[in-house]
Amino acid sequence: SFAMTEPAVASSDATNIETRIERDGDEYVINGRKWFITGGCGEETRFFIVMGKSDPDNADRHKQQSMIIVPKDTPGVTIVRDMPVYGYYHAPKGHPEILFENVRVPASNLILGEGRGFEIAQGRLGPGRIHHCMRSIGVAERALEAMCKRVEEREAFGRKLSQFDSIRKNIARSRLEIEQARLMTLKAADTMDRYGNKEAKELIAMIKIVAPNMALNVVDRAMQIHGAVGLSQDTPLAGFFAYARTLRLADGPDQVHMMQLGRNLAKKYE
């Protein structure tokens, strides 16, 4: 599991993190608190990749951080609590809060070298973000399929739901939005393949904003069409909604992507 986000600081700005990674002879000592660490409670998780500050006084804020491998059973590692999202997403295991207290690991557990944590994080986030977008499109497709089946099976006021104009428009809007997001995702993926993650960063930012919001809209329509059962555990829709809403924060909130995208686009005309 990747342990970056912290409760005490705005982790959307990764330079804020406060966890310390300090050299002591042939070891590093880690102290800090993390939370929303996906997979942290899972039995299959055997170690954490922890991001923290090894050089907090470095003038370059992007070289203050390092990443280090910490086996889960190392003394001083405490799972404080599970944190499911909406009480639903990944329940009961959740995305735990984890405390690192004087955790000692060999110096060889440091990844790439001191001061390269931010570099590693940025290299991972581009591919990670587009995977989220691919899954968002899959979620929206399943929600649309459930919507279409429901309106053919259900009757109200003497007609199938599919015969109501508002229902037809919601289905049409959903198909339009899914295809628009799919094309943008494909364009971003193609640019990554041809020219690399750095050249695709603007497209990745765009689709990371567009795809989760699109999925939320489509899933919300499907829930509305299903009525009360759409809010329950009898369909996957409530889980889809929690997942899509989570993605508006995971790997960078919408506002950060908007801010950076706008800055980069305007900068071309300086």
# chains A, B, ... in the order shown; residues from 1 in each chain; ligands from 1
$ select_by_dssp --residues "range 81-229 of chain A" --states "strand (DSSP E or B)" --output "PDB file with N, CA and C atoms, in the first residue's frame"
ATOM      1  N   ARG A  81      -7.316   2.689  12.909  1.00  0.00           N
ATOM      2  CA  ARG A  81      -8.738   2.426  12.649  1.00  0.00           C
ATOM      3  C   ARG A  81      -8.966   2.223  11.168  1.00  0.00           C
ATOM      4  N   VAL A  85     -15.451   4.446   3.153  1.00  0.00           N
ATOM      5  CA  VAL A  85     -15.972   5.686   2.575  1.00  0.00           C
ATOM      6  C   VAL A  85     -17.481   5.544   2.390  1.00  0.00           C
ATOM      7  N   TYR A  89     -17.879   1.968   0.713  1.00  0.00           N
ATOM      8  CA  TYR A  89     -16.780   1.666  -0.198  1.00  0.00           C
ATOM      9  C   TYR A  89     -15.629   1.005   0.555  1.00  0.00           C
ATOM     10  N   GLU A  97      -6.323   4.557   8.976  1.00  0.00           N
ATOM     11  CA  GLU A  97      -5.391   5.493   9.577  1.00  0.00           C
ATOM     12  C   GLU A  97      -4.259   4.672  10.185  1.00  0.00           C
ATOM     13  N   ILE A  98      -3.014   5.073   9.913  1.00  0.00           N
ATOM     14  CA  ILE A  98      -1.846   4.295  10.344  1.00  0.00           C
ATOM     15  C   ILE A  98      -0.870   5.220  11.062  1.00  0.00           C
ATOM     16  N   LEU A  99      -0.369   4.763  12.185  1.00  0.00           N
ATOM     17  CA  LEU A  99       0.602   5.518  12.973  1.00  0.00           C
ATOM     18  C   LEU A  99       1.970   4.857  12.857  1.00  0.00           C
ATOM     19  N   PHE A 100       2.974   5.663  12.547  1.00  0.00           N
ATOM     20  CA  PHE A 100       4.365   5.200  12.490  1.00  0.00           C
ATOM     21  C   PHE A 100       5.122   5.881  13.630  1.00  0.00           C
ATOM     22  N   GLU A 101       5.517   5.090  14.635  1.00  0.00           N
ATOM     23  CA  GLU A 101       6.201   5.637  15.803  1.00  0.00           C
ATOM     24  C   GLU A 101       7.594   5.010  15.949  1.00  0.00           C
ATOM     25  N   ASN A 102       8.608   5.814  15.671  1.00  0.00           N
ATOM     26  CA  ASN A 102       9.996   5.352  15.775  1.00  0.00           C
ATOM     27  C   ASN A 102      10.199   4.014  15.055  1.00  0.00           C
ATOM     28  N   VAL A 103       9.667   3.947  13.853  1.00  0.00           N
ATOM     29  CA  VAL A 103       9.765   2.733  13.039  1.00  0.00           C
ATOM     30  C   VAL A 103      11.144   2.701  12.379  1.00  0.00           C
ATOM     31  N   ARG A 104      11.859   1.631  12.591  1.00  0.00           N
ATOM     32  CA  ARG A 104      13.217   1.511  12.052  1.00  0.00           C
ATOM     33  C   ARG A 104      13.262   0.463  10.942  1.00  0.00           C
ATOM     34  N   VAL A 105      13.852   0.869   9.819  1.00  0.00           N
ATOM     35  CA  VAL A 105      14.050  -0.062   8.709  1.00  0.00           C
ATOM     36  C   VAL A 105      15.462   0.144   8.161  1.00  0.00           C
ATOM     37  N   PRO A 106      16.018  -0.866   7.470  1.00  0.00           N
ATOM     38  CA  PRO A 106      17.365  -0.713   6.908  1.00  0.00           C
ATOM     39  C   PRO A 106      17.439   0.440   5.919  1.00  0.00           C
ATOM     40  N   LEU A 110      15.265   2.517   1.309  1.00  0.00           N
ATOM     41  CA  LEU A 110      14.951   3.777   0.637  1.00  0.00           C
ATOM     42  C   LEU A 110      14.893   3.550  -0.871  1.00  0.00           C
ATOM     43  N   GLU A 155     -43.161  -0.770 -14.953  1.00  0.00           N
ATOM     44  CA  GLU A 155     -44.281   0.038 -15.442  1.00  0.00           C
ATOM     45  C   GLU A 155     -44.736   1.013 -14.365  1.00  0.00           C
ATOM     46  N   ALA A 156     -45.195   2.176 -14.808  1.00  0.00           N
ATOM     47  CA  ALA A 156     -45.790   3.169 -13.903  1.00  0.00           C
ATOM     48  C   ALA A 156     -46.853   3.938 -14.675  1.00  0.00           C
ATOM     49  N   ARG A 159     -47.755   2.616 -18.215  1.00  0.00           N
ATOM     50  CA  ARG A 159     -46.783   2.543 -19.314  1.00  0.00           C
ATOM     51  C   ARG A 159     -45.441   2.038 -18.794  1.00  0.00           C
ATOM     52  N   LYS A 160     -44.657   1.442 -19.711  1.00  0.00           N
ATOM     53  CA  LYS A 160     -43.274   1.142 -19.359  1.00  0.00           C
ATOM     54  C   LYS A 160     -42.529   2.442 -19.093  1.00  0.00           C
TER      55      LYS A 160
END
$ closest_residue --among "A:Ala107, A:Asp73, A:Ala140, A:Asp251" --to "Leu216 in chain A" --atoms "only C-alpha atoms"
A:Ala140
$ closest_atom_pairs --of "range 199-257 of chain A" --to "range 142-147 of chain A" --cutoff "10 Å" --atoms "only C-alpha atoms" --output "tab-separated table"
residue	atom	partner	partner_atom	distance
A:Ala215	CA	A:Ala143	CA	8.6
A:Leu216	CA	A:Ala143	CA	10.0
A:Val218	CA	A:Ala143	CA	6.8
A:Val219	CA	A:Ala143	CA	5.5
A:Asp220	CA	A:Ala143	CA	8.9
A:Arg221	CA	A:Met147	CA	8.0
A:Ala222	CA	A:Met147	CA	5.1
A:Met223	CA	A:Met147	CA	8.2
A:Gln224	CA	A:Met147	CA	9.3
A:Ile225	CA	A:Met147	CA	6.7
A:His226	CA	A:Met147	CA	7.4
A:Thr235	CA	A:Ala146	CA	8.9
A:Pro236	CA	A:Ala143	CA	8.5
A:Leu237	CA	A:Ala143	CA	6.8
A:Phe240	CA	A:Ala143	CA	8.1
A:Phe241	CA	A:Ala143	CA	9.7
$ residues_around --residues "Ile204 in chain A" --least-positions-apart "2" --cutoff "8 Å" --atoms "only C-alpha atoms" --output "JSON, numbers by chain"
{"A": [126, 129, 130, 185, 188, 200, 201, 202, 206, 207, 208]}
$ residues_around --residues "Asn109 in chain A" --least-positions-apart "4" --cutoff "10 Å" --atoms "only C-alpha atoms" --output "PyMOL selection string"
chain A and resi 27-28+49+67-71+105+113
$ residues_around --residues "Val50 in chain A" --least-positions-apart "3" --cutoff "10 Å" --atoms "only C-alpha atoms" --output "number ranges by chain"
A: 1-5, 19-21, 30, 32, 34, 47, 66-70, 100, 110-111, 117
$ residues_around --residues "Gly42 in chain A" --least-positions-apart "4" --cutoff "9 Å" --atoms "only C-alpha atoms" --output "VMD selection string"
chain A and resid 38 46 93 to 94
$ closest_residue --among "A:Lys187, A:Arg124, A:Arg33, A:Lys63" --to "Ile79 in chain A" --atoms "only C-alpha atoms"
A:Arg33
